[in-house]
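Notes follow the structure.
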Amino acid sequence: MRDTQLKELINQVHTANYRVYGARKIWRELNRQGHVVARCTIERLMREMGIQGRSAASV
């Protein structure tokens, strides 16, 4: 249940930031919004969702 909610939040933050944010920035943004979650959880869920941030080399 928690994973489902977190996936929705991750998707919202990722989409709102032009699909550029990676796990670290999404983790920081969710914590700023008051959602306390471990970064490794964000990384795991992003892998499951098949999304990733953009690196400077891929731009």
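Labels for the structure tokens follow display order: chains A, B, ..., residues from 1 in each chain, ligands from 1.
Counting only C-alpha atoms, range 44-50 of chain A has the following residues at most 9 Å away, ignoring those fewer than 3 positions along the same chain: Asp3, Leu6, Lys7, Ile10, Asn11, Gly22, Ala23, Arg39, Cys40 and Thr41 of chain A.
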(Q) I need the residues of chain A that end up classed as helix (DSSP H, G or I) by DSSP on the backbone, written out as a ChimeraX atom specification. (A) /A:2-16,23-32,39-49,56-58
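Residues in contact range of Lys25 in chain A, defined as at most 10 Å between only C-alpha atoms, with sequence neighbours fewer than 3 positions away removed, read Val13, His14, Asn17, Val20, Tyr21, Gly22, Arg28, Glu29, Leu30, Asn31, Arg39 and Gly53 of chain A.
The closest residue to Ser55 in chain A, picked from A:Arg32, A:Ala38, A:Arg19, A:Trp27 and counting only C-alpha atoms, is A:Arg19.
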**Q.** A:Arg54, A:Ile42, A:Gly34, A:Arg24 ranked by distance to Glu8 in chain A, top pick (using only C-alpha atoms)
**A.** A:Ile42
